[in-house]
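K.L.:
Structure file run19.csv (CSV, C-alpha atoms) right here:
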```csv
chain,number,residue,atom,x,y,z
X,1,MET,CA,-31.2,10.8,-41.7
X,2,THR,CA,-34.7,9.7,-42.7
X,3,GLY,CA,-36.8,7.4,-40.6
X,4,ARG,CA,-36.1,4.5,-42.9
X,5,THR,CA,-32.3,4.8,-42.7
X,6,ALA,CA,-32.4,5.3,-39.0
X,7,LEU,CA,-34.4,2.1,-38.6
X,8,ALA,CA,-31.9,0.3,-40.8
X,9,ALA,CA,-29.0,1.6,-38.7
X,10,ALA,CA,-30.7,0.6,-35.5
X,11,ALA,CA,-31.4,-2.9,-36.9
X,12,GLU,CA,-27.8,-3.3,-38.0
X,13,LEU,CA,-26.5,-2.2,-34.6
X,14,LEU,CA,-28.8,-4.6,-32.9
X,15,ALA,CA,-27.7,-7.5,-35.1
X,16,TRP,CA,-24.0,-6.7,-34.4
X,17,TRP,CA,-24.8,-6.4,-30.6
X,18,VAL,CA,-26.6,-9.8,-30.5
X,19,ALA,CA,-23.8,-11.5,-32.4
X,20,LEU,CA,-21.0,-10.0,-30.3
X,21,ALA,CA,-22.9,-10.6,-27.0
X,22,LEU,CA,-23.4,-14.3,-28.0
X,23,LEU,CA,-19.7,-14.6,-28.9
X,24,TRP,CA,-18.8,-13.2,-25.4
X,25,LEU,CA,-21.1,-15.6,-23.7
X,26,VAL,CA,-19.5,-18.5,-25.6
X,27,PHE,CA,-15.9,-17.4,-24.8
X,28,ILE,CA,-16.1,-16.7,-21.1
X,29,SER,CA,-15.5,-19.6,-18.6
X,30,THR,CA,-18.2,-18.9,-16.0
X,31,VAL,CA,-21.5,-17.1,-16.7
X,32,ASP,CA,-22.6,-14.8,-13.9
X,33,THR,CA,-24.3,-11.4,-13.6
X,34,LEU,CA,-21.1,-9.3,-13.7
X,35,GLU,CA,-19.9,-11.1,-16.9
X,36,ARG,CA,-23.4,-10.5,-18.5
X,37,ILE,CA,-23.2,-6.7,-17.7
X,38,VAL,CA,-19.6,-6.4,-19.0
X,39,GLY,CA,-20.4,-8.5,-22.1
X,40,ALA,CA,-23.5,-6.4,-22.9
X,41,SER,CA,-21.5,-3.2,-22.5
X,42,VAL,CA,-18.5,-4.2,-24.6
X,43,ALA,CA,-20.8,-5.7,-27.2
X,44,ALA,CA,-22.6,-2.3,-27.5
X,45,ILE,CA,-19.2,-0.6,-28.0
X,46,GLY,CA,-18.2,-3.3,-30.5
X,47,ALA,CA,-21.4,-3.0,-32.4
X,48,LEU,CA,-20.8,0.8,-32.9
X,49,VAL,CA,-17.2,0.1,-34.1
X,50,ALA,CA,-18.3,-2.8,-36.3
X,51,ARG,CA,-20.9,-0.7,-38.1
X,52,ALA,CA,-18.4,2.1,-38.5
X,53,GLY,CA,-15.9,-0.4,-40.0
X,54,ARG,CA,-18.5,-1.9,-42.3
X,55,ARG,CA,-19.5,1.5,-43.6
X,56,ALA,CA,-15.8,2.4,-44.1
X,57,VAL,CA,-15.2,-0.5,-46.4
X,58,THR,CA,-18.5,-0.4,-48.3
X,59,TRP,CA,-18.1,3.3,-49.4
X,60,ARG,CA,-21.5,4.4,-48.1
V,1,MET,CA,1.4,-38.4,-21.0
V,2,ASN,CA,-2.0,-39.1,-22.6
V,3,GLY,CA,-3.1,-39.4,-26.2
V,4,TRP,CA,-3.9,-35.7,-26.6
V,5,ILE,CA,-0.4,-34.6,-25.5
V,6,LEU,CA,1.1,-37.3,-27.7
V,7,ALA,CA,-0.9,-36.0,-30.7
V,8,ALA,CA,0.1,-32.4,-29.9
V,9,THR,CA,3.8,-33.5,-29.6
V,10,VAL,CA,3.7,-35.3,-33.0
V,11,LEU,CA,2.0,-32.3,-34.6
V,12,LEU,CA,4.4,-29.8,-33.1
V,13,ALA,CA,7.5,-31.9,-34.0
V,14,GLY,CA,6.3,-32.9,-37.5
V,15,GLY,CA,4.3,-29.9,-38.5
V,16,ALA,CA,5.9,-26.9,-36.7
V,17,GLY,CA,9.4,-28.4,-37.3
V,18,THR,CA,8.7,-28.6,-41.0
V,19,ALA,CA,7.2,-25.1,-41.1
V,20,LEU,CA,10.3,-23.7,-39.3
V,21,TRP,CA,12.5,-25.4,-41.8
V,22,GLY,CA,10.4,-24.0,-44.7
V,23,VAL,CA,10.5,-20.5,-43.2
V,24,ALA,CA,14.3,-20.6,-42.7
V,25,THR,CA,15.3,-21.9,-46.2
V,26,GLY,CA,14.4,-21.7,-49.8
V,27,PRO,CA,12.8,-19.0,-52.0
V,28,LEU,CA,10.4,-16.3,-50.7
V,29,SER,CA,7.3,-17.9,-52.0
V,30,ARG,CA,8.1,-21.1,-50.0
V,31,ARG,CA,8.9,-19.1,-46.9
V,32,VAL,CA,5.6,-17.2,-46.8
V,33,VAL,CA,3.6,-20.4,-47.4
V,34,ALA,CA,5.4,-22.1,-44.5
V,35,GLN,CA,4.9,-19.0,-42.3
V,36,ASN,CA,1.2,-19.1,-43.1
V,37,LEU,CA,0.8,-22.8,-42.5
V,38,SER,CA,2.7,-22.7,-39.2
V,39,THR,CA,-0.3,-20.9,-37.6
V,40,SER,CA,-2.6,-23.8,-38.5
V,41,VAL,CA,-0.2,-26.4,-37.0
V,42,VAL,CA,0.6,-24.5,-33.8
V,43,CYS,CA,-3.0,-23.5,-33.2
V,44,ALA,CA,-4.2,-27.1,-33.5
V,45,SER,CA,-1.4,-28.2,-31.2
V,46,LEU,CA,-2.4,-25.6,-28.6
V,47,LEU,CA,-6.0,-26.9,-28.7
V,48,LEU,CA,-4.8,-30.5,-28.2
V,49,LEU,CA,-2.5,-29.4,-25.3
V,50,ALA,CA,-5.5,-27.6,-23.7
V,51,GLN,CA,-7.4,-30.9,-23.7
V,52,GLY,CA,-4.4,-33.0,-22.7
V,53,TYR,CA,-3.6,-30.8,-19.6
V,54,ASP,CA,-7.3,-30.3,-19.0
V,55,ARG,CA,-6.9,-26.5,-18.8
V,56,THR,CA,-9.6,-24.9,-20.9
V,57,ALA,CA,-7.9,-21.5,-20.5
V,58,TYR,CA,-5.3,-22.6,-23.0
V,59,VAL,CA,-8.0,-22.7,-25.7
V,60,ASP,CA,-7.8,-18.9,-25.5
V,61,LEU,CA,-4.2,-19.0,-26.8
V,62,GLY,CA,-5.4,-21.0,-29.8
V,63,LEU,CA,-8.2,-18.5,-30.3
V,64,LEU,CA,-5.7,-15.6,-30.3
V,65,LEU,CA,-3.4,-17.4,-32.7
V,66,ALA,CA,-6.3,-18.3,-35.0
V,67,VAL,CA,-7.2,-14.6,-35.2
V,68,LEU,CA,-3.7,-13.0,-35.3
V,69,GLY,CA,-2.0,-15.6,-37.5
V,70,PRO,CA,-3.9,-15.1,-40.8
V,71,VAL,CA,-3.8,-11.3,-40.1
V,72,GLY,CA,0.0,-11.5,-39.9
V,73,THR,CA,0.0,-13.4,-43.2
V,74,LEU,CA,-2.2,-10.8,-44.9
V,75,VAL,CA,0.3,-8.1,-43.8
V,76,PHE,CA,3.1,-10.2,-45.4
V,77,ALA,CA,1.0,-10.7,-48.5
V,78,ARG,CA,0.5,-6.9,-48.8
V,79,LEU,CA,4.1,-5.9,-48.1
V,80,LEU,CA,5.6,-8.6,-50.4
V,81,ALA,CA,3.0,-8.1,-53.1
V,82,GLU,CA,5.5,-6.9,-55.7
V,83,ASP,CA,8.0,-9.7,-54.9
V,84,LEU,CA,5.3,-12.3,-55.2
V,85,THR,CA,3.9,-11.2,-58.6
V,86,ASP,CA,6.5,-13.2,-60.5
V,87,ASP,CA,6.8,-16.0,-57.9
V,88,ARG,CA,3.2,-17.0,-56.9
V,89,ALA,CA,3.1,-18.5,-53.4
V,90,ALA,CA,0.4,-21.0,-54.2
V,91,ALA,CA,0.4,-24.3,-52.3
V,92,TRP,CA,-3.2,-25.5,-52.3
V,93,GLY,CA,-2.3,-29.2,-51.7
V,94,LEU,CA,-0.5,-28.2,-48.4
V,95,THR,CA,-3.2,-25.7,-47.5
V,96,TRP,CA,-6.0,-28.3,-47.8
V,97,THR,CA,-3.9,-30.9,-46.0
V,98,THR,CA,-3.6,-28.5,-43.0
V,99,VAL,CA,-7.3,-27.7,-43.3
V,100,GLY,CA,-8.0,-31.4,-43.0
V,101,VAL,CA,-5.7,-31.8,-40.0
V,102,ASP,CA,-7.3,-28.8,-38.3
V,103,ALA,CA,-10.8,-30.0,-39.0
V,104,ALA,CA,-10.0,-33.5,-37.6
V,105,VAL,CA,-8.5,-32.0,-34.5
V,106,VAL,CA,-11.5,-29.7,-33.9
V,107,VAL,CA,-13.9,-32.6,-34.5
V,108,ALA,CA,-12.0,-34.9,-32.1
V,109,LEU,CA,-12.0,-32.2,-29.4
V,110,CYS,CA,-15.7,-31.4,-29.9
V,111,VAL,CA,-16.5,-35.1,-29.4
V,112,ALA,CA,-14.4,-35.1,-26.2
V,113,ALA,CA,-16.0,-31.9,-25.0
V,114,GLY,CA,-19.5,-32.9,-25.6
V,115,PRO,CA,-22.4,-30.6,-26.3
V,116,GLY,CA,-22.2,-27.2,-24.6
V,117,ARG,CA,-20.5,-23.8,-24.6
V,118,ALA,CA,-17.0,-25.4,-24.7
V,119,MET,CA,-17.9,-27.1,-28.0
V,120,VAL,CA,-19.3,-23.9,-29.5
V,121,LYS,CA,-16.1,-22.1,-28.6
V,122,LEU,CA,-14.0,-24.9,-30.2
V,123,LEU,CA,-16.2,-24.7,-33.4
V,124,VAL,CA,-15.7,-20.9,-33.5
V,125,VAL,CA,-11.9,-21.3,-33.1
V,126,GLY,CA,-11.9,-23.9,-35.8
V,127,ALA,CA,-13.9,-21.8,-38.2
V,128,LEU,CA,-11.7,-18.8,-37.6
V,129,LEU,CA,-8.6,-21.0,-38.1
V,130,ILE,CA,-9.7,-22.7,-41.3
V,131,GLY,CA,-11.4,-19.7,-42.8
V,132,GLY,CA,-8.4,-17.5,-42.0
V,133,ASN,CA,-6.0,-20.0,-43.4
V,134,LEU,CA,-8.0,-20.2,-46.7
V,135,VAL,CA,-8.3,-16.4,-47.0
V,136,ALA,CA,-4.6,-15.9,-46.2
V,137,SER,CA,-3.6,-18.7,-48.7
V,138,ARG,CA,-5.7,-17.1,-51.4
V,139,ALA,CA,-4.1,-13.7,-50.7
V,140,LEU,CA,-0.6,-15.2,-51.0
V,141,SER,CA,-1.4,-16.8,-54.3
V,142,GLY,CA,-2.6,-13.5,-55.7
V,143,GLY,CA,-6.3,-14.2,-55.5
V,144,PHE,CA,-7.4,-10.7,-54.4
V,145,GLN,CA,-6.0,-8.6,-57.2
V,146,GLY,CA,-9.3,-6.9,-58.0
V,147,VAL,CA,-10.3,-6.1,-54.5
V,148,ARG,CA,-12.2,-2.8,-54.2
V,149,GLY,CA,-10.1,0.1,-52.8
V,150,GLY,CA,-7.2,-2.3,-52.3
```
Go ahead and express the file in the form of structure tokens.
P.N.:
Amino acid sequence: MTGRTALAAAAELLAWWVALALLWLVFISTVDTLERIVGASVAAIGALVARAGRRAVTWR
Amino acid sequence: MNGWILAATVLLAGGAGTALWGVATGPLSRRVVAQNLSTSVVCASLLLLAQGYDRTAYVDLGLLLAVLGPVGTLVFARLLAEDLTDDRAAAWGLTWTTVGVDAAVVVALCVAAGPGRAMVKLLVVGALLIGGNLVASRALSGGFQGVRGG
């Protein structure tokens, strides 16, 4: 993996993470510290899975 | 009973009743279309009931249905692809009618909710519901024949 592709991968993961974390914040009923920690964690896992899924369907 | 619950009752009795009748009778192409449109009707009813009973947790049921309903229709479209090649399940008039009903319900609920996270959640549910309905309808009418790797 070259530096350029690593940067692209990191940017994609970050974009997925931001989108998923925002979605979490919208869907929960009360926003507190625990919810933020859980949301950030599951959004990180979700970002990895989303990128893997996106790569699987785009044949790259 | 308030106006929201009344609207949900009318939608359930009229829309879901019709969809049930459509699923239970007639040719295959009509059944899959009715199955697909039942999601739109029931999801909108759940959103109206959530507002009518003032229990925002019920919106999650609508969210779940908006995600899983179109996915279920896509499974049917894939499994029944051979049976549907001769008998295209296209019902764009009905599809756009339910899209209009769903949009009207979501807009009314957004006005009632006012600006905030609840409104964004309703808009996300509405977008998933309408987008999923359109994609599923297109899949049923054979719109994705040339899909890559399909």
K.L.:
What's the separation between atom CA of Thr9 of chain V and atom CA of Leu49 of chain V, in Å to one decimal place?
P.N.:
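Separation between atom CA of Thr9 of chain V and atom CA of Leu49 of chain V: 8.7 Å.
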K.L.:
Quick one: distance from atom CA of Val111 of chain V to atom CA of Gly69 of chain V in Å, one decimal?
P.N.:
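Distance between the two atoms: 25.6 Å.
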K.L.:
For a test of reading the model, state the distance in Å between atom CA of Thr73 of chain V and atom CA of Ser38 of chain V, rounded to one decimal.
P.N.:
10.5 Å
K.L.:
Kindly provide, as a ChimeraX atom specification, the residues of chain X having any atom no farther than 12 Å from an atom of chain V, counting only C-alpha atoms.
P.N.:
/X:22-31,56-59
K.L.:
Would you export the selected residues with C-alpha atoms as a compact mmCIF listing (two decimals), in the coordinates of the input, please?
P.N.:
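Written out: out.txt:
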```
# COMPACT_ATOMS: atom_id res chain seq x y z
CA LEU X 22 -23.40 -14.30 -28.00
CA LEU X 23 -19.70 -14.60 -28.90
CA TRP X 24 -18.80 -13.20 -25.40
CA LEU X 25 -21.10 -15.60 -23.70
CA VAL X 26 -19.50 -18.50 -25.60
CA PHE X 27 -15.90 -17.40 -24.80
CA ILE X 28 -16.10 -16.70 -21.10
CA SER X 29 -15.50 -19.60 -18.60
CA THR X 30 -18.20 -18.90 -16.00
CA VAL X 31 -21.50 -17.10 -16.70
CA ALA X 56 -15.80 2.40 -44.10
CA VAL X 57 -15.20 -0.50 -46.40
CA THR X 58 -18.50 -0.40 -48.30
CA TRP X 59 -18.10 3.30 -49.40
```
K.L.:
Excluding Leu37 of chain V and any residue of its chain fewer than 4 positions from it, enumerate the residues within 8 Å of it, using only C-alpha atoms, and give them as a ChimeraX atom specification.
P.N.:
/V:19,33,41,95,98,133
K.L.:
I'd like to know which of V:Leu12, V:Gly131, V:Val32, V:Met1 is closest to Leu79 of chain V, using all atoms listed in the file.
P.N.:
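Of all the options, V:Val32 lies closest to Leu79 of chain V.
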K.L.:
With all atoms of segment 103-110 of chain V from the file as input, state the centre and edge lengths in Å to one decimal of the axis-aligned box that has 4 Å extra on each side, as lines of an AutoDock Vina configuration file.
P.N.:
```
center_x = -12.1
center_y = -32.3
center_z = -34.2
size_x = 15.2
size_y = 13.2
size_z = 17.6
```
K.L.:
I'd like the neighbourhood of Ala90 of chain V as a PyMOL selection string, where a residue qualifies if any of its atoms comes within 12 Å (using only C-alpha atoms), though same-chain residues fewer than 3 positions away should be ignored.
P.N.:
chain V and resi 28-34+36-37+77+84-87+93-96+134+136-143
